[in-house]
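Structure file final_39.txt (compact mmCIF, C-alpha atoms and all ligand atoms) is printed below.
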# COMPACT_ATOMS: atom_id res chain seq x y z
CA MET A 1266 0.00 0.00 0.00
CA LYS A 1267 1.32 3.43 -0.92
CA GLU A 1268 -1.00 6.13 0.44
CA LEU A 1269 -0.52 9.61 -0.97
CA THR A 1270 -1.83 13.01 0.05
CA LEU A 1271 -2.06 15.60 -2.71
CA ALA A 1272 -2.51 19.32 -2.20
CA PRO A 1273 -4.57 21.57 -4.51
CA ALA A 1274 -2.68 23.35 -7.30
CA GLN A 1275 -1.83 26.96 -6.48
CA SER A 1276 -1.15 28.05 -10.05
CA PRO A 1277 -1.95 27.15 -13.69
CA ILE A 1278 -0.16 24.21 -15.22
CA SER A 1279 2.14 24.77 -18.15
CA GLY A 1280 5.05 23.38 -20.11
CA LYS A 1281 5.78 20.32 -22.25
CA LEU A 1282 5.77 16.63 -21.41
CA GLN A 1283 7.09 13.56 -23.16
CA ILE A 1284 4.38 10.94 -22.62
CA PRO A 1285 5.51 7.31 -22.07
CA GLY A 1286 4.99 4.70 -24.79
CA ASP A 1287 1.58 3.35 -25.72
CA LYS A 1288 0.69 0.30 -23.64
CA SER A 1289 -1.44 -1.42 -26.29
CA ILE A 1290 1.22 -0.97 -28.98
CA SER A 1291 4.04 -2.06 -26.63
CA HIS A 1292 2.24 -5.36 -25.83
CA ARG A 1293 1.65 -6.02 -29.52
CA ALA A 1294 5.28 -5.27 -30.43
CA ILE A 1295 6.51 -7.95 -28.00
CA ILE A 1296 3.95 -10.46 -29.26
CA LEU A 1297 4.56 -9.99 -32.98
CA GLY A 1298 8.34 -9.58 -32.52
CA SER A 1299 8.35 -12.91 -30.66
CA LEU A 1300 6.37 -14.68 -33.40
CA ALA A 1301 8.41 -13.19 -36.28
CA THR A 1302 11.67 -14.35 -37.76
CA GLY A 1303 14.58 -11.94 -37.25
CA THR A 1304 15.44 -9.18 -34.79
CA THR A 1305 12.78 -6.62 -33.94
CA THR A 1306 13.93 -3.39 -32.28
CA VAL A 1307 11.24 -1.55 -30.35
CA THR A 1308 11.95 2.13 -29.64
CA ASP A 1309 10.13 4.06 -26.88
CA PHE A 1310 8.70 0.83 -25.50
CA LEU A 1311 6.58 1.33 -22.35
CA ARG A 1312 8.37 -0.24 -19.41
CA SER A 1313 5.63 -0.89 -16.88
CA GLU A 1314 4.15 -3.67 -14.78
CA ASP A 1315 1.65 -4.69 -17.49
CA THR A 1316 4.08 -4.88 -20.40
CA ARG A 1317 6.59 -6.72 -18.15
CA ARG A 1318 4.08 -9.58 -17.97
CA THR A 1319 4.06 -9.95 -21.77
CA VAL A 1320 7.88 -9.80 -21.94
CA GLU A 1321 8.21 -12.47 -19.22
CA GLY A 1322 5.50 -14.60 -20.84
CA PHE A 1323 7.41 -14.80 -24.12
CA ARG A 1324 10.71 -15.34 -22.30
CA GLN A 1325 9.09 -18.39 -20.70
CA LEU A 1326 8.23 -19.63 -24.18
CA GLY A 1327 11.94 -19.35 -25.02
CA VAL A 1328 12.23 -15.99 -26.80
CA LYS A 1329 15.38 -13.96 -26.14
CA ILE A 1330 14.39 -10.38 -25.31
CA GLU A 1331 16.97 -7.74 -24.32
CA GLU A 1332 15.93 -4.54 -22.55
CA ASN A 1333 17.89 -1.34 -22.38
CA ASP A 1334 15.66 1.33 -20.87
CA SER A 1335 12.91 1.96 -23.40
CA LEU A 1336 14.76 0.13 -26.19
CA LEU A 1337 13.85 -3.52 -26.63
CA LYS A 1338 15.45 -6.13 -28.88
CA ILE A 1339 13.45 -9.25 -29.60
CA TYR A 1340 15.31 -12.13 -31.25
CA GLY A 1341 12.52 -14.03 -33.01
CA ASN A 1342 12.99 -17.43 -34.64
CA GLY A 1343 9.41 -18.05 -35.72
CA PRO A 1344 6.60 -19.76 -33.80
CA THR A 1345 7.79 -23.34 -34.40
CA THR A 1346 10.77 -22.69 -32.10
CA LEU A 1347 8.64 -21.67 -29.10
CA ASN A 1348 8.93 -24.12 -26.18
CA GLU A 1349 6.43 -25.65 -23.84
CA PRO A 1350 7.13 -23.76 -20.58
CA SER A 1351 7.81 -25.88 -17.51
CA ASN A 1352 6.09 -23.43 -15.15
CA PRO A 1353 2.78 -21.56 -15.25
CA ILE A 1354 2.81 -18.17 -17.00
CA TYR A 1355 1.82 -15.23 -14.78
CA PHE A 1356 -0.30 -12.50 -16.39
CA GLY A 1357 -0.32 -10.27 -13.28
CA ASN A 1358 -2.99 -7.55 -13.54
CA SER A 1359 -2.80 -7.35 -17.32
CA GLY A 1360 -6.01 -8.07 -19.24
CA THR A 1361 -4.26 -7.33 -22.54
CA THR A 1362 -1.47 -9.85 -21.82
CA ALA A 1363 -4.07 -12.44 -20.83
CA ARG A 1364 -6.49 -12.08 -23.76
CA LEU A 1365 -3.85 -11.63 -26.47
CA MET A 1366 -1.51 -14.34 -25.21
CA LEU A 1367 -4.42 -16.78 -24.98
CA GLY A 1368 -4.89 -16.23 -28.72
CA VAL A 1369 -1.23 -17.17 -29.30
CA LEU A 1370 -1.22 -20.10 -26.85
CA ALA A 1371 -4.34 -21.55 -28.50
CA GLY A 1372 -2.38 -21.63 -31.76
CA LEU A 1373 0.80 -23.29 -30.48
CA PRO A 1374 0.99 -27.11 -30.25
CA ILE A 1375 1.98 -27.01 -26.56
CA PHE A 1376 0.43 -27.22 -23.09
CA THR A 1377 0.50 -24.14 -20.87
CA SER A 1378 -1.08 -23.15 -17.60
CA VAL A 1379 -1.69 -19.48 -16.97
CA TYR A 1380 -2.81 -17.38 -14.00
CA GLY A 1381 -3.20 -13.79 -12.87
CA ASP A 1382 -3.37 -11.62 -9.76
CA PRO A 1383 -6.55 -11.59 -7.64
CA HIS A 1384 -8.08 -8.78 -9.76
CA LEU A 1385 -7.45 -10.37 -13.15
CA THR A 1386 -8.75 -13.65 -11.72
CA GLN A 1387 -12.19 -11.99 -11.41
CA ARG A 1388 -12.30 -10.75 -15.02
CA PRO A 1389 -14.09 -12.70 -17.77
CA MET A 1390 -12.00 -14.83 -20.10
CA ASP A 1391 -14.92 -16.60 -21.84
CA ARG A 1392 -14.98 -13.73 -24.33
CA VAL A 1393 -11.74 -15.13 -25.81
CA VAL A 1394 -11.97 -18.76 -24.65
CA GLY A 1395 -15.32 -19.06 -26.51
CA PRO A 1396 -14.13 -18.18 -30.04
CA LEU A 1397 -10.70 -19.77 -29.56
CA SER A 1398 -12.38 -23.05 -28.49
CA GLU A 1399 -14.57 -22.84 -31.58
CA MET A 1400 -11.35 -22.65 -33.59
CA GLY A 1401 -10.09 -25.84 -31.89
CA GLY A 1402 -8.12 -24.59 -28.85
CA LYS A 1403 -8.65 -26.61 -25.65
CA PHE A 1404 -9.13 -24.75 -22.40
CA ASP A 1405 -10.01 -25.84 -18.91
CA GLY A 1406 -10.65 -23.74 -15.84
CA ARG A 1407 -13.25 -22.63 -13.31
CA ASN A 1408 -16.75 -21.90 -14.56
CA ASN A 1409 -16.20 -23.64 -17.90
CA GLY A 1410 -12.96 -21.84 -18.59
CA ASN A 1411 -14.36 -18.37 -17.91
CA TYR A 1412 -11.78 -17.44 -15.27
CA LEU A 1413 -8.06 -17.74 -14.69
CA PRO A 1414 -6.22 -19.90 -13.82
CA LEU A 1415 -6.58 -21.78 -17.10
CA ALA A 1416 -4.98 -24.82 -18.66
CA VAL A 1417 -4.47 -24.46 -22.42
CA ARG A 1418 -3.68 -27.13 -24.99
CA GLY A 1419 -3.19 -25.44 -28.33
CA GLY A 1420 -2.67 -26.38 -31.94
CA ASN A 1421 -4.67 -27.62 -34.95
CA LEU A 1422 -6.81 -24.49 -35.19
CA LYS A 1423 -9.29 -23.92 -38.01
CA GLY A 1424 -10.38 -20.50 -39.22
CA ILE A 1425 -13.85 -19.29 -38.20
CA GLN A 1426 -16.05 -16.35 -38.96
CA TYR A 1427 -16.67 -14.51 -35.70
CA LYS A 1428 -18.99 -11.57 -35.16
CA LEU A 1429 -17.83 -9.75 -32.02
CA PRO A 1430 -20.57 -9.81 -29.37
CA VAL A 1431 -18.70 -7.22 -27.26
CA LYS A 1432 -16.94 -3.99 -28.21
CA SER A 1433 -13.45 -5.24 -27.43
CA ALA A 1434 -10.13 -4.86 -29.20
CA GLN A 1435 -8.69 -7.54 -26.94
CA VAL A 1436 -11.21 -10.11 -28.19
CA LYS A 1437 -10.72 -9.05 -31.81
CA SER A 1438 -6.95 -9.32 -31.36
CA ALA A 1439 -7.07 -12.74 -29.66
CA VAL A 1440 -9.08 -14.21 -32.55
CA LEU A 1441 -6.82 -12.60 -35.18
CA LEU A 1442 -3.70 -13.92 -33.41
CA GLY A 1443 -5.30 -17.38 -33.30
CA GLY A 1444 -5.98 -16.91 -37.02
CA LEU A 1445 -2.21 -16.61 -37.64
CA PHE A 1446 -2.01 -20.35 -36.79
CA ALA A 1447 -5.33 -21.54 -38.23
CA GLU A 1448 -6.02 -23.51 -41.37
CA GLY A 1449 -8.06 -21.43 -43.83
CA THR A 1450 -9.33 -17.92 -43.32
CA THR A 1451 -10.30 -16.39 -39.97
CA GLU A 1452 -12.71 -13.49 -40.19
CA VAL A 1453 -13.67 -11.14 -37.38
CA ILE A 1454 -16.68 -8.91 -37.93
CA GLU A 1455 -16.69 -5.73 -35.93
CA GLU A 1456 -19.75 -3.45 -36.06
CA ILE A 1457 -18.30 -0.55 -34.09
CA PRO A 1458 -14.56 -0.02 -34.70
CA SER A 1459 -12.24 -0.54 -31.72
CA ARG A 1460 -8.50 0.18 -31.58
CA ASN A 1461 -6.81 -1.33 -34.63
CA HIS A 1462 -3.18 -1.55 -33.49
CA THR A 1463 -3.12 -5.34 -33.93
CA GLU A 1464 -4.24 -5.05 -37.56
CA ASN A 1465 -1.75 -2.22 -38.29
CA MET A 1466 1.15 -4.08 -36.77
CA LEU A 1467 0.27 -7.44 -38.35
CA ARG A 1468 0.31 -5.66 -41.71
CA ALA A 1469 3.69 -4.07 -40.92
CA PHE A 1470 5.09 -7.52 -40.03
CA GLY A 1471 3.92 -8.88 -43.38
CA ALA A 1472 0.85 -10.93 -42.35
CA ASP A 1473 -1.87 -11.75 -44.86
CA ILE A 1474 -4.55 -9.48 -43.37
CA ALA A 1475 -7.25 -7.31 -44.92
CA ASP A 1476 -9.92 -5.11 -43.38
CA ASN A 1477 -13.00 -4.47 -45.50
CA ASP A 1478 -15.28 -2.17 -43.61
CA GLY A 1479 -15.18 -4.07 -40.33
CA HIS A 1480 -14.73 -7.52 -41.91
CA ILE A 1481 -11.16 -8.35 -40.91
CA ARG A 1482 -9.69 -11.45 -42.55
CA ILE A 1483 -6.40 -13.15 -41.79
CA THR A 1484 -4.72 -16.37 -42.97
CA ASN A 1485 -1.60 -18.28 -41.94
CA GLU A 1486 -0.19 -18.02 -45.45
CA ARG A 1487 2.55 -15.47 -44.78
CA ALA A 1488 5.11 -15.86 -41.98
CA LEU A 1489 5.79 -12.76 -39.91
CA MET A 1490 9.08 -10.98 -40.60
CA ALA A 1491 10.86 -8.89 -37.95
CA THR A 1492 10.13 -5.16 -38.32
CA ASP A 1493 11.34 -2.27 -36.19
CA VAL A 1494 8.60 -0.57 -34.20
CA ILE A 1495 8.53 3.01 -32.92
CA VAL A 1496 5.97 3.32 -30.14
CA PRO A 1497 4.05 6.61 -29.91
CA GLY A 1498 3.20 8.17 -26.55
CA ASP A 1499 0.06 6.68 -25.02
CA ILE A 1500 -2.96 8.95 -25.51
CA SER A 1501 -4.61 7.15 -22.59
CA SER A 1502 -1.74 8.36 -20.37
CA ALA A 1503 -1.70 11.82 -21.99
CA ALA A 1504 -5.43 12.00 -21.19
CA PHE A 1505 -4.76 12.75 -17.50
CA PHE A 1506 -2.67 15.78 -18.40
CA MET A 1507 -5.07 16.88 -21.14
CA ALA A 1508 -7.81 16.80 -18.52
CA ALA A 1509 -5.64 18.68 -16.01
CA ALA A 1510 -4.94 21.47 -18.52
CA ALA A 1511 -8.64 21.61 -19.41
CA ILE A 1512 -9.84 22.10 -15.81
CA VAL A 1513 -7.15 24.17 -14.09
CA PRO A 1514 -7.83 27.85 -15.01
CA GLU A 1515 -5.28 29.58 -17.25
CA SER A 1516 -3.38 26.36 -18.00
CA LYS A 1517 -1.71 25.51 -21.29
CA LEU A 1518 0.20 22.29 -21.77
CA THR A 1519 1.85 20.49 -24.71
CA LEU A 1520 2.14 16.69 -24.82
CA LEU A 1521 4.79 15.51 -27.23
CA ARG A 1522 4.70 12.68 -29.82
CA VAL A 1523 1.39 11.23 -28.69
CA GLY A 1524 -0.34 8.48 -30.70
CA LEU A 1525 -3.20 9.91 -32.77
CA ASN A 1526 -4.66 6.72 -34.24
CA HIS A 1527 -8.30 7.60 -34.99
CA SER A 1528 -9.51 4.60 -33.00
CA ARG A 1529 -8.04 6.22 -29.85
CA THR A 1530 -8.67 9.96 -30.21
CA GLY A 1531 -12.22 10.18 -28.85
CA ILE A 1532 -10.94 12.25 -25.92
CA ILE A 1533 -9.72 14.99 -28.28
CA ASP A 1534 -13.15 15.12 -29.94
CA VAL A 1535 -15.00 15.27 -26.61
CA LEU A 1536 -12.75 17.85 -24.94
CA SER A 1537 -13.00 20.03 -28.07
CA GLU A 1538 -16.78 19.68 -28.09
CA MET A 1539 -16.83 20.68 -24.41
CA GLY A 1540 -14.96 23.86 -25.34
CA ALA A 1541 -11.30 23.17 -24.43
CA GLN A 1542 -8.83 24.66 -26.89
CA ILE A 1543 -6.86 21.85 -28.54
CA SER A 1544 -4.34 22.03 -31.34
CA ILE A 1545 -2.22 19.35 -32.97
CA THR A 1546 1.17 19.94 -34.57
CA ASN A 1547 4.13 17.93 -35.96
CA GLN A 1548 2.04 15.02 -37.25
CA GLN A 1549 3.80 12.05 -38.84
CA THR A 1550 2.91 8.42 -39.56
CA VAL A 1551 5.24 5.47 -38.93
CA GLY A 1552 4.27 1.77 -39.22
CA GLY A 1553 0.63 2.68 -39.76
CA GLU A 1554 0.45 4.73 -36.52
CA THR A 1555 0.15 8.54 -36.50
CA PHE A 1556 1.96 10.65 -33.88
CA GLY A 1557 1.72 14.34 -33.05
CA ASP A 1558 2.05 17.02 -30.36
CA ILE A 1559 -1.18 17.95 -28.57
CA THR A 1560 -1.57 21.36 -26.94
CA VAL A 1561 -4.51 21.84 -24.57
CA ALA A 1562 -5.50 25.21 -23.12
CA HIS A 1563 -8.12 25.88 -20.48
CA ARG A 1564 -11.40 27.50 -21.58
CA PRO A 1565 -14.87 27.48 -19.99
CA LEU A 1566 -16.40 24.04 -20.59
CA ASN A 1567 -19.92 22.83 -21.37
CA GLY A 1568 -21.54 19.47 -20.59
CA VAL A 1569 -21.96 16.98 -23.47
CA VAL A 1570 -23.52 13.61 -24.30
CA ILE A 1571 -20.98 10.81 -24.86
CA GLU A 1572 -22.53 7.71 -26.43
CA GLY A 1573 -22.55 5.29 -29.37
CA GLU A 1574 -19.66 4.80 -31.77
CA ILE A 1575 -17.27 7.08 -29.91
CA ILE A 1576 -17.25 4.88 -26.77
CA PRO A 1577 -14.53 2.39 -27.89
CA ARG A 1578 -12.44 5.39 -29.01
CA LEU A 1579 -12.26 6.71 -25.44
CA ILE A 1580 -13.19 3.76 -23.23
CA ASP A 1581 -10.15 4.09 -20.93
CA GLU A 1582 -10.56 7.88 -20.67
CA ILE A 1583 -14.11 7.86 -19.26
CA PRO A 1584 -13.14 8.17 -15.55
CA VAL A 1585 -11.05 11.29 -16.22
CA LEU A 1586 -13.69 12.69 -18.62
CA ALA A 1587 -16.22 12.29 -15.80
CA LEU A 1588 -13.93 14.40 -13.63
CA VAL A 1589 -13.69 17.07 -16.38
CA ALA A 1590 -17.50 17.04 -16.63
CA THR A 1591 -17.82 18.05 -12.96
CA GLN A 1592 -16.26 21.38 -14.00
CA ALA A 1593 -18.40 21.97 -17.12
CA LYS A 1594 -21.55 24.06 -17.32
CA GLY A 1595 -24.62 21.80 -17.42
CA ASN A 1596 -24.94 18.03 -17.25
CA THR A 1597 -22.82 15.43 -19.03
CA VAL A 1598 -24.40 12.08 -19.88
CA ILE A 1599 -22.33 8.97 -20.68
CA ARG A 1600 -24.11 5.95 -22.23
CA ASP A 1601 -23.22 2.65 -23.96
CA ALA A 1602 -20.16 2.17 -21.75
CA GLU A 1603 -21.22 -1.05 -19.97
CA GLU A 1604 -17.76 -2.52 -20.73
CA LEU A 1605 -16.40 -0.17 -18.02
CA ARG A 1606 -17.86 -2.49 -15.41
CA LEU A 1607 -15.42 -5.24 -16.52
CA LYS A 1608 -12.14 -3.30 -16.41
CA GLU A 1609 -9.41 -3.48 -13.73
CA THR A 1610 -12.28 -2.59 -11.38
CA ASP A 1611 -15.93 -1.64 -12.04
CA ARG A 1612 -15.00 1.84 -13.30
CA ILE A 1613 -18.58 3.15 -13.27
CA ALA A 1614 -18.98 2.27 -9.58
CA ALA A 1615 -15.46 3.45 -8.65
CA THR A 1616 -15.76 6.79 -10.50
CA VAL A 1617 -19.19 7.55 -9.05
CA GLU A 1618 -18.23 6.50 -5.52
CA GLU A 1619 -14.92 8.34 -5.33
CA LEU A 1620 -15.89 11.56 -7.11
CA THR A 1621 -19.00 11.72 -4.92
CA SER A 1622 -16.86 11.30 -1.81
CA ILE A 1623 -14.88 14.44 -2.73
CA GLY A 1624 -17.94 16.55 -3.48
CA ALA A 1625 -19.03 15.81 -7.09
CA LYS A 1626 -22.66 15.27 -8.04
CA ILE A 1627 -22.72 12.18 -10.17
CA GLU A 1628 -25.01 9.18 -10.59
CA GLY A 1629 -24.21 5.80 -12.05
CA THR A 1630 -26.46 4.06 -14.59
CA ASP A 1631 -26.24 0.51 -15.96
CA ASP A 1632 -24.10 1.62 -18.89
CA GLY A 1633 -22.65 4.96 -17.87
CA MET A 1634 -23.20 7.96 -15.63
CA VAL A 1635 -24.82 11.38 -15.38
CA ILE A 1636 -22.56 14.13 -14.08
CA LYS A 1637 -23.79 17.46 -12.81
CA GLY A 1638 -21.45 20.27 -13.84
CA SER A 1639 -20.13 23.36 -12.04
CA SER A 1640 -19.44 21.39 -8.85
CA ASP A 1641 -16.84 22.37 -6.29
CA LEU A 1642 -14.67 19.45 -5.27
CA THR A 1643 -14.03 19.55 -1.55
CA GLY A 1644 -11.27 16.94 -1.21
CA GLY A 1645 -10.98 14.13 1.32
CA GLN A 1646 -10.11 10.45 1.59
CA THR A 1647 -10.46 8.31 -1.56
CA LYS A 1648 -9.85 4.75 -2.76
CA ALA A 1649 -8.21 3.67 -6.02
CA TYR A 1650 -9.40 0.02 -6.04
CA ASN A 1651 -5.98 -1.08 -7.31
CA ASP A 1652 -6.91 0.54 -10.64
CA HIS A 1653 -4.21 2.75 -12.22
CA ARG A 1654 -6.69 4.89 -14.13
CA ILE A 1655 -8.84 5.55 -11.07
CA ALA A 1656 -5.72 6.48 -9.06
CA MET A 1657 -4.49 8.93 -11.75
CA MET A 1658 -7.97 10.44 -12.18
CA LEU A 1659 -8.08 11.14 -8.42
CA ALA A 1660 -4.60 12.68 -8.54
CA VAL A 1661 -5.82 15.08 -11.27
CA ALA A 1662 -8.93 15.83 -9.18
CA SER A 1663 -6.65 16.97 -6.34
CA LEU A 1664 -5.44 19.87 -8.51
CA ILE A 1665 -8.85 21.56 -8.37
CA ALA A 1666 -10.05 20.40 -4.93
CA LYS A 1667 -10.45 22.89 -2.08
CA GLN A 1668 -8.62 20.64 0.40
CA ASN A 1669 -6.12 17.80 0.16
CA VAL A 1670 -7.11 14.59 -1.61
CA VAL A 1671 -5.79 11.43 0.03
CA ILE A 1672 -5.54 8.34 -2.21
CA ASP A 1673 -5.35 5.08 -0.26
CA ASP A 1674 -2.92 3.33 -2.59
CA VAL A 1675 -1.22 4.70 -5.70
CA SER A 1676 1.02 1.70 -6.39
CA SER A 1677 -1.23 0.50 -9.26
CA ILE A 1678 -0.06 3.50 -11.33
CA ASP A 1679 3.05 1.42 -12.17
CA ILE A 1680 0.74 -0.68 -14.39
CA SER A 1681 0.83 1.96 -17.12
CA TYR A 1682 2.69 5.10 -16.01
CA PRO A 1683 5.53 4.52 -13.52
CA ASN A 1684 6.72 8.18 -13.80
CA PHE A 1685 3.29 9.75 -13.41
CA PHE A 1686 3.99 11.77 -10.25
CA TRP A 1687 7.38 12.84 -11.57
CA ASP A 1688 5.65 14.26 -14.66
CA LEU A 1689 2.90 15.85 -12.57
CA ARG A 1690 5.52 17.69 -10.50
CA LYS A 1691 7.21 18.92 -13.68
CA ILE A 1692 4.20 20.81 -14.94
CA ILE A 1693 3.01 22.26 -11.68
CA SER A 1694 5.91 23.81 -9.87
CA ASN A 1695 4.29 24.31 -6.47
CA HIS A 1696 2.23 21.13 -6.37
CA SER A 1697 3.41 19.40 -3.21
CA THR A 1698 2.84 15.67 -3.21
CA PHE A 1699 3.89 13.85 -0.10
CA ALA A 1700 3.60 10.26 0.94
CA THR A 1701 2.24 9.43 4.39
C1 LIG B 1801 -6.95 -2.76 -24.93
C2 LIG B 1801 -8.28 -2.76 -25.23
C3 LIG B 1801 -9.32 -2.22 -24.34
C4 LIG B 1801 -8.73 -1.27 -23.31
C5 LIG B 1801 -7.50 -1.84 -22.66
C6 LIG B 1801 -6.42 -2.14 -23.69
C7 LIG B 1801 -6.00 -3.35 -25.88
O1 LIG B 1801 -9.95 -3.29 -23.66
O2 LIG B 1801 -9.69 -0.97 -22.33
O3 LIG B 1801 -6.99 -0.93 -21.71
O4 LIG B 1801 -4.78 -3.13 -25.77
O5 LIG B 1801 -6.46 -4.08 -26.78
P1 LIG B 1801 -11.17 -4.11 -24.34
O6 LIG B 1801 -10.66 -4.76 -25.54
O7 LIG B 1801 -11.58 -5.11 -23.30
O8 LIG B 1801 -12.21 -3.08 -24.60
Turn this file's structure into structure tokens for me.
Amino acid sequence: MKELTLAPAQSPISGKLQIPGDKSISHRAIILGSLATGTTTVTDFLRSEDTRRTVEGFRQLGVKIEENDSLLKIYGNGPTTLNEPSNPIYFGNSGTTARLMLGVLAGLPIFTSVYGDPHLTQRPMDRVVGPLSEMGGKFDGRNNGNYLPLAVRGGNLKGIQYKLPVKSAQVKSAVLLGGLFAEGTTEVIEEIPSRNHTENMLRAFGADIADNDGHIRITNERALMATDVIVPGDISSAAFFMAAAAIVPESKLTLLRVGLNHSRTGIIDVLSEMGAQISITNQQTVGGETFGDITVAHRPLNGVVIEGEIIPRLIDEIPVLALVATQAKGNTVIRDAEELRLKETDRIAATVEELTSIGAKIEGTDDGMVIKGSSDLTGGQTKAYNDHRIAMMLAVASLIAKQNVVIDDVSSIDISYPNFFWDLRKIISNHSTFAT
């Protein structure tokens, strides 16, 4: 447990920040680099607790991976050289490691057992175990293989056509990765687009993949070839600072080299619609991923409705957007975000509970929340539920609270942003954080 007390900001926030590497892209770089033939160099890789699980998982399968700060070298020899591990693979808290690696393990002709921490052990795995079993993977575990720990016997997969029943890039990715090993064509049908980093990177590594308007087809016909990857800054990490600049009066902040893939930029659209001033400069595209610098300046904000197709484009940003909405004029309504209940914690319940406890007026609904704007946040004791994004949202809330905000445990922030408080101190010179 690492309790932290944060004092309100005494001045606007300003300056420039280099945002750490994108978590989703970092996971995928390890996975595809490990399955490819040749040496893959990953630049600006996110070193965090979650991505460490994927690195260690592939090391257990026999892949040599060298780390030098944020530079990673993966020495791939193709999937036929991967070994049956003698010990269980630990996924920690990482849903992305779990779902995506299950897609790979279902494809390999080996036996593995896999497990996670107590939080991941509560999260549903049937969403990937279902389609991967249909392809021929064999899984066993509690509740018909719905929960970790799981035993997996892979190999002999056959392509399927699979219409996604949930809005989830992890499920889409697991089936596509299984498709890399399957006989025939695997097709995933996605009605509402979710993040497409797996598709972009598979293409860059030479896979036989095509996306026709949400019908994504892959075959095992082309082996993956090592390709260098440059990881953009994670917009889901930048989101906390974008929100901070949007709610602290007179602030102006620039976030450098952030990923601007359209499937992830819902937060830019919503903050702009609320009235924040946002500009983007220095755009470039590498390996199918667009990067750019985002400048956010504070302006008076208005409440908005957030629903429908935009939800997968900002799913991880909803807790911090709810915080921003407490400072807007009028109500903000969030709908169609039922997936939030299945994240590292139930993020609808956690956001409502904790923002209410520091003075916000917010109500949860089955698939979202209604937030009353123009609320003063008083401060007080809060809980982060071992969820990195709830902990960082509460840290941003402290900037505009009247009194200190105490967060019971901030250690989960290492899941995605180990240097978060370091960066927070950089942009707000007199913000005194102190551990108790
Ligand atoms: C992720 C997909 C999303 C997101 C998660 C990372 C990914 O989850 O919430 O943080 O890297 O594919 P779902 O696929 O469950 O929506």
Checklist entry - For ligand LIG 1801 (chain B), which residue among A:Gly1402, A:Pro1458, A:Pro1344, A:Gly1372 is the nearest when counting only C-alpha atoms and all ligand atoms? => result A:Pro1458
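Excluding stretch 1566-1576 of chain A itself and same-chain residues fewer than 6 positions from it, the residues having an atom within 8 Å of it are Ile1457, Pro1458, Gly1531, Val1535, Glu1538, Met1539, Gly1540, Ala1541, Ala1590, Gln1592, Ala1593, Lys1594, Gly1595, Asn1596, Thr1597, Val1598, Ile1599, Arg1600, Asp1601, Ala1602 and Gly1638 of chain A, counting only C-alpha atoms.
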Can you write just those residues out, C-alpha atoms, as a tab-separated table (two decimals), keeping the file's coordinate frame?
chain	number	residue	atom	x	y	z
A	1457	ILE	CA	-18.30	-0.55	-34.09
A	1458	PRO	CA	-14.56	-0.02	-34.70
A	1531	GLY	CA	-12.22	10.18	-28.85
A	1535	VAL	CA	-15.00	15.27	-26.61
A	1538	GLU	CA	-16.78	19.68	-28.09
A	1539	MET	CA	-16.83	20.68	-24.41
A	1540	GLY	CA	-14.96	23.86	-25.34
A	1541	ALA	CA	-11.30	23.17	-24.43
A	1590	ALA	CA	-17.50	17.04	-16.63
A	1592	GLN	CA	-16.26	21.38	-14.00
A	1593	ALA	CA	-18.40	21.97	-17.12
A	1594	LYS	CA	-21.55	24.06	-17.32
A	1595	GLY	CA	-24.62	21.80	-17.42
A	1596	ASN	CA	-24.94	18.03	-17.25
A	1597	THR	CA	-22.82	15.43	-19.03
A	1598	VAL	CA	-24.40	12.08	-19.88
A	1599	ILE	CA	-22.33	8.97	-20.68
A	1600	ARG	CA	-24.11	5.95	-22.23
A	1601	ASP	CA	-23.22	2.65	-23.96
A	1602	ALA	CA	-20.16	2.17	-21.75
A	1638	GLY	CA	-21.45	20.27	-13.84
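Among the candidate residues A:Thr1319, A:Ser1313, A:Ser1681, A:Asn1465, the one lying nearest to A:Ala1363 is A:Thr1319, with distances computed using all atoms listed in the file.
Put simply, atom CA of A:Pro1285 is 9.0 Å away from atom CA of A:Pro1683.
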Checklist entry - What separation in Å, quoted to one decimal, exists between atom CA of A:His1653 and atom CA of A:Gln1435? => result 18.5 Å
Item to check | Selection as a ChimeraX atom specification: residues within 9 Å of ligand LIG 1801 (chain B) by all atoms listed in the file | outcome: /A:1288-1293,1359-1362,1364-1365,1431-1438,1459-1463,1501,1577,1579-1581,1604-1605,1607-1609
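Reported to one decimal place, the separation of atom CA of A:Asp1679 from atom CA of A:Ile1655 is 12.6 Å.
Comparing the minimum interatomic distances between A:Met1390 and each of A:Ile1375, A:Leu1271, A:Gly1368, A:Tyr1355, counting all atoms listed in the file, we find that A:Gly1368 sits nearest.
Counting all atoms listed in the file and comparing A:Ala1439, A:Met1266, A:Leu1347, A:Leu1422, the residue that lies closest to A:Asp1391 is A:Ala1439.
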Once you add 8 Å to each side, what are the centre and edge lengths of the axis-aligned box holding all listed atoms of stretch 1568-1586 of chain A? One decimal in Å, as JSON, if you can.
{"center_x": -16.8, "center_y": 10.9, "center_z": -23.7, "size_x": 29.4, "size_y": 33.1, "size_z": 32.2}
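The nearest approach to A:Thr1316 among the residues A:Ile1454, A:Ala1656, A:Ile1680, A:Ala1625, with all atoms listed in the file taken into account, belongs to A:Ile1680.
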Checklist outcome for this item: For A:Arg1612, the closest of A:Val1328, A:Ala1274, A:Met1658, A:Val1589 counting only C-alpha atoms is A:Met1658
Next on the checklist: List the spatial neighbours of A:Gly1410 as a PyMOL selection string - criterion: any atom at most 8 Å away, only C-alpha atoms, same-chain residues fewer than 3 positions off excluded.
Outcome noted: chain A and resi 1390-1391+1394+1404-1407+1413+1415
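Every protein or nucleic acid residue with an atom no more than 9 Å from A:Ser1544, counting all atoms listed in the file and leaving out same-chain residues fewer than 4 positions away, appears here: Asp1558, Ile1559, Thr1560, Val1561 and Ala1562 of chain A.
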